[in-house]
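Engineer: So that we are looking at the same thing, I have put the structure below in structure tokens.
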Amino acid sequence: GRGRGRPGSGVSEFTVVGYVDEVQFVRFEGDGGRGQAEPRTPWIRDNEGKEYWARETQIAKDTAQYFRTNLPTLQGYYNQSKEGSHTVQGMYGCQLREDDTPGQGFMQYGYDGRDYIALDKATLSWTAADAGALNTKRKWEADRTIAERDKAYLEDECIEWLRKYVGFGGPSLTRADPPEVEVTRHTGPDGEDVSLRCRALGFYPADIKFKWEREGKDMSQEMEFVGTRPSGDGNFQKWASVNVPRGEEQKYVCVVEHEGLAQPLAVKWVPDASPPIAAIVGAVVVILLVTAAVVGFVIWKRKKSGPKGGNYTPASEYGGVRVKGRQRRRWREGEGSHRLGREGLGSWVQERSTPSS
């Protein structure tokens with residue numbers, strides 16, 4: 001959810017979203033201290049009762065208070081006035097490998113759309129993104145137990161909740177649905193410019209790779225694409241296009257790779273109304289760890305004038321990437337969030353509520 005500033009109200013909106021892999025299973029949206037944690041999948045709704053949801057709701061409200069307490073401090077670090085809107089975001093995640101052992105985990109914060117500070121588990125230190133964040137780094141590193149608790153949470157309690165959620169979700173989280181791929185031809189307003197668009201529909205998980213080739217030559221550097229987006233039915237969609245010289249459309253091939261495909265799928269544009277002709281090209285052997293991950297994502301927003309910028313996007317926009325054997329994360333405009341263990345977030349918030357920024 002995006003923040004909506006209200007003069008004099010302090011908090012305008014606070015949102016928590018939770019994902020296991022690409023599946024959003026829980027959400028909290030609060031405004032002025034109100035709000036309720038709610039299920040987003042049948043498997044969490046059917047396996048947790050009123051006590052769980054009441055606890056999650058209270059945890060989210062406590063987190064909102066924690067962010068509100070620290071926001072003025074951050075404004076001071078950057079010499080910002082009390083007027084206007086500002087955004088604080090936090091994200092954490094843990095990973096479970098195929099052999100049921102813990103994988104990588106992370107915890108990080110963003111401020112006003114940019115990276116702020118992140119935990120370095122290996123050294124039990126904090127990595128500051130800029131001069132303002134150095135203030136928080138010094139405070140948190142003065143008490144080593146802060147990093148120790150966070151590392152222990154990511155490697156122990158977060159993993160236990162992840163195992164529980166994966167057990168609830170079962171096959172719905174481990175499936176691999178292949179994409180349906182089609183190539184369409186488009187012309188510009190003057191009728192001269194020609195582009196080919198390759199669309200992949202109905203696939204899961206969200207990780208997918210597109211490549212345009214011209215007579216075997218990789219044309220990916222000239223490719224335009226949109227981020228992977230939910231299709232509303234639990235699956236995903238994505239497209240990638242390339243400009244082509246008129247009359248040379250048949251020289252171009254779209255190559256798609258996905259976990260649900262045994263081999264890369266090559267598709268050309270077909271001039272008539274018949275379905276696209278798909279050809280299997282080459283063979284790619286990829287060893288992927290079957291993993292699940294949990295990420296916590298929280299957002300606090302007050303009124304602010306001017307652009308936000310940076311790498312972080314609001315919680316209502318998907319920003320997660322499925323983890324396969326290694327932890328990867330990014331925030332992308334126009335997409336929703338990534339993997340959250342809500343009870344895990346609650347335990348983390350209670351531990352994190354003592355140190356200030």
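Order determines the names: the first chain of the structure tokens is A, the second B, and so forth; residues in each chain are numbered 1 upward, and ligands are numbered 1 upward as they are shown.
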List the neighbours of range 173-185 of chain A out to 6 Å using only C-alpha atoms; skip same-chain residues closer than 2 positions along the sequence, and give me the result as a PyMOL selection string.
Structural biologist: chain A and resi 169-171+195-204+260-261+269+276
Engineer: Step one, run DSSP on the backbone; step two, keep only residues of range 65-284 of chain A assigned to strand (DSSP E); then write them as a ChimeraX atom specification.
Structural biologist: /A:87-96,106-111,114-120,125-128,180-187,194-203,208-214,217-218,224-225,229-230,236-244,252-258,265-267,278-280
Engineer: Please indicate the distance in Å from CA of Tyr252 in chain A to CA of Glu222 in chain A, rounded to one decimal place.
Structural biologist: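 Between CA of Tyr252 in chain A and CA of Glu222 in chain A the gap works out to 12.5 Å.
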Engineer: Rank nothing, just name the residue among A:Thr73, A:Gln36, A:Thr57, A:Thr63 nearest to Asn135 in chain A, using only C-alpha atoms.
Structural biologist: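 Looking only at the distances to Asn135 in chain A, the closest residue turns out to be A:Thr73.
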Engineer: Quick one, how far is CA of Pro205 in chain A from CA of Ser172 in chain A?
Structural biologist: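 Separation between CA of Pro205 in chain A and CA of Ser172 in chain A: 10.4 Å.
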Engineer: Would you mind telling me which residue in A:Asp120, A:Glu22, A:Glu13, A:Asp130 lies nearest to Ala206 in chain A when using only C-alpha atoms?
Structural biologist: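 Under the stated criterion, the closest residue is A:Glu22.
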Engineer: Set the distance at 7 Å and use only C-alpha atoms: which residues neighbour Ile117 in chain A once local chain neighbours fewer than 4 positions away are removed? I'd like the list as a ChimeraX atom specification.
Structural biologist: /A:108-110,126-129,133
Engineer: Grab the residues selected above and save them as an mmCIF file, in the first residue's frame with all heavy atoms.
Structural biologist:
```cif
data_model
loop_
_atom_site.group_PDB
_atom_site.id
_atom_site.type_symbol
_atom_site.label_atom_id
_atom_site.label_comp_id
_atom_site.auth_asym_id
_atom_site.auth_seq_id
_atom_site.Cartn_x
_atom_site.Cartn_y
_atom_site.Cartn_z
ATOM 1 N N GLN A 108 17.707 -5.786 5.838
ATOM 2 C CA GLN A 108 18.136 -4.489 5.335
ATOM 3 C C GLN A 108 17.021 -3.460 5.455
ATOM 4 O O GLN A 108 15.849 -3.811 5.612
ATOM 5 C CB GLN A 108 18.575 -4.598 3.880
ATOM 6 C CG GLN A 108 17.450 -4.964 2.915
ATOM 7 C CD GLN A 108 17.947 -5.160 1.498
ATOM 8 O OE1 GLN A 108 18.928 -5.875 1.280
ATOM 9 N NE2 GLN A 108 17.279 -4.548 0.553
ATOM 10 N N TYR A 109 17.422 -2.194 5.368
ATOM 11 C CA TYR A 109 16.484 -1.087 5.459
ATOM 12 C C TYR A 109 16.693 -0.124 4.293
ATOM 13 O O TYR A 109 17.816 0.002 3.778
ATOM 14 C CB TYR A 109 16.685 -0.293 6.756
ATOM 15 C CG TYR A 109 16.346 -1.040 8.006
ATOM 16 C CD1 TYR A 109 17.306 -1.820 8.655
ATOM 17 C CD2 TYR A 109 15.075 -0.965 8.569
ATOM 18 C CE1 TYR A 109 17.009 -2.500 9.822
ATOM 19 C CE2 TYR A 109 14.771 -1.637 9.731
ATOM 20 C CZ TYR A 109 15.737 -2.402 10.353
ATOM 21 O OH TYR A 109 15.443 -3.082 11.506
ATOM 22 N N GLY A 110 15.627 0.592 3.936
ATOM 23 C CA GLY A 110 15.722 1.660 2.959
ATOM 24 C C GLY A 110 15.047 2.902 3.504
ATOM 25 O O GLY A 110 14.169 2.827 4.374
ATOM 26 N N TRP A 126 27.247 -3.739 10.350
ATOM 27 C CA TRP A 126 26.197 -3.129 9.528
ATOM 28 C C TRP A 126 26.845 -2.318 8.413
ATOM 29 O O TRP A 126 27.788 -1.564 8.648
ATOM 30 C CB TRP A 126 25.300 -2.239 10.381
ATOM 31 C CG TRP A 126 24.548 -3.028 11.405
ATOM 32 C CD1 TRP A 126 24.939 -3.329 12.673
ATOM 33 C CD2 TRP A 126 23.280 -3.648 11.226
ATOM 34 N NE1 TRP A 126 24.003 -4.094 13.310
ATOM 35 C CE2 TRP A 126 22.954 -4.309 12.432
ATOM 36 C CE3 TRP A 126 22.367 -3.706 10.182
ATOM 37 C CZ2 TRP A 126 21.777 -5.022 12.619
ATOM 38 C CZ3 TRP A 126 21.190 -4.414 10.345
ATOM 39 C CH2 TRP A 126 20.902 -5.064 11.556
ATOM 40 N N THR A 127 26.326 -2.486 7.196
ATOM 41 C CA THR A 127 26.844 -1.786 6.031
ATOM 42 C C THR A 127 25.989 -0.562 5.758
ATOM 43 O O THR A 127 24.803 -0.686 5.419
ATOM 44 C CB THR A 127 26.865 -2.696 4.797
ATOM 45 O OG1 THR A 127 27.648 -3.865 5.080
ATOM 46 C CG2 THR A 127 27.435 -1.968 3.595
ATOM 47 N N ALA A 128 26.564 0.615 5.905
ATOM 48 C CA ALA A 128 25.835 1.870 5.686
ATOM 49 C C ALA A 128 25.934 2.275 4.221
ATOM 50 O O ALA A 128 27.001 2.196 3.613
ATOM 51 C CB ALA A 128 26.407 2.971 6.578
ATOM 52 N N ALA A 129 24.799 2.725 3.669
ATOM 53 C CA ALA A 129 24.767 3.091 2.255
ATOM 54 C C ALA A 129 25.242 4.519 2.007
ATOM 55 O O ALA A 129 25.651 4.841 0.895
ATOM 56 C CB ALA A 129 23.360 2.911 1.692
ATOM 57 N N ALA A 133 23.431 7.139 7.108
ATOM 58 C CA ALA A 133 23.302 5.814 7.719
ATOM 59 C C ALA A 133 24.464 5.476 8.634
ATOM 60 O O ALA A 133 24.364 4.560 9.459
ATOM 61 C CB ALA A 133 23.170 4.751 6.631
#
```
Engineer: Rounded to one decimal place, report the CA of Val16 in chain A-CA of Phe28 in chain A distance in Å.
Structural biologist: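 A separation of 5.0 Å between them.
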Engineer: Considering only C-alpha atoms, state which residue in the set A:Ala37, A:Tyr165, A:Gln104, A:Ala118 is at the smallest distance from Leu134 in chain A.
Structural biologist: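 Smallest distance to Leu134 in chain A is found for A:Ala118.
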Engineer: Go through A:Glu155, A:Gln237, A:Thr41, A:Gln58 and flag the residue nearest Gln95 in chain A, using only C-alpha atoms for the distances.
Structural biologist: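 For Gln95 in chain A, the nearest of the candidates is A:Glu155.
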Engineer: Among range 26-237 of chain A, which residues carry a DSSP assignment of alpha helix (DSSP H), reported as a ChimeraX atom specification?
Structural biologist: /A:42-47,50-77,131-141,144-152,158-169,171-174
Engineer: Applying 8 Å and only C-alpha atoms, which residues near Gly105 in chain A remain after dropping the ones on its own chain fewer than 2 positions away? List them as a ChimeraX atom specification.
Structural biologist: /A:92-95,103,107,154-155,327
Engineer: Could you take the residues named above and write them with C-alpha atoms, as a PDB file, in the first residue's frame?
Structural biologist:
```pdb
ATOM      1  CA  TYR A  92      14.441  -9.517   5.727  1.00  0.00           C
ATOM      2  CA  GLY A  93      14.517 -13.053   4.395  1.00  0.00           C
ATOM      3  CA  CYS A  94      15.643 -16.587   5.049  1.00  0.00           C
ATOM      4  CA  GLN A  95      16.078 -19.551   2.748  1.00  0.00           C
ATOM      5  CA  GLY A 103      20.457 -21.137   3.143  1.00  0.00           C
ATOM      6  CA  MET A 107      18.073  -7.994   6.769  1.00  0.00           C
ATOM      7  CA  LEU A 154      17.433 -15.404  10.514  1.00  0.00           C
ATOM      8  CA  GLU A 155      19.193 -18.743  10.964  1.00  0.00           C
ATOM      9  CA  GLN A 327      19.745 -15.431  -2.321  1.00  0.00           C
TER      10      GLN A 327
END
```
Engineer: Which is closest to Met219 in chain A among A:Ala122, A:Lys251, A:Arg246, A:Trp239, if we use only C-alpha atoms?
Structural biologist: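 Among the listed residues, A:Lys251 lies closest to Met219 in chain A.
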Engineer: Which is closest to Ser356 in chain A among A:Asp233, A:Glu141, A:Glu38, A:Glu224, if we use only C-alpha atoms?
Structural biologist: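 Among A:Asp233, A:Glu141, A:Glu38, A:Glu224, it is A:Glu141 that comes nearest to Ser356 in chain A.
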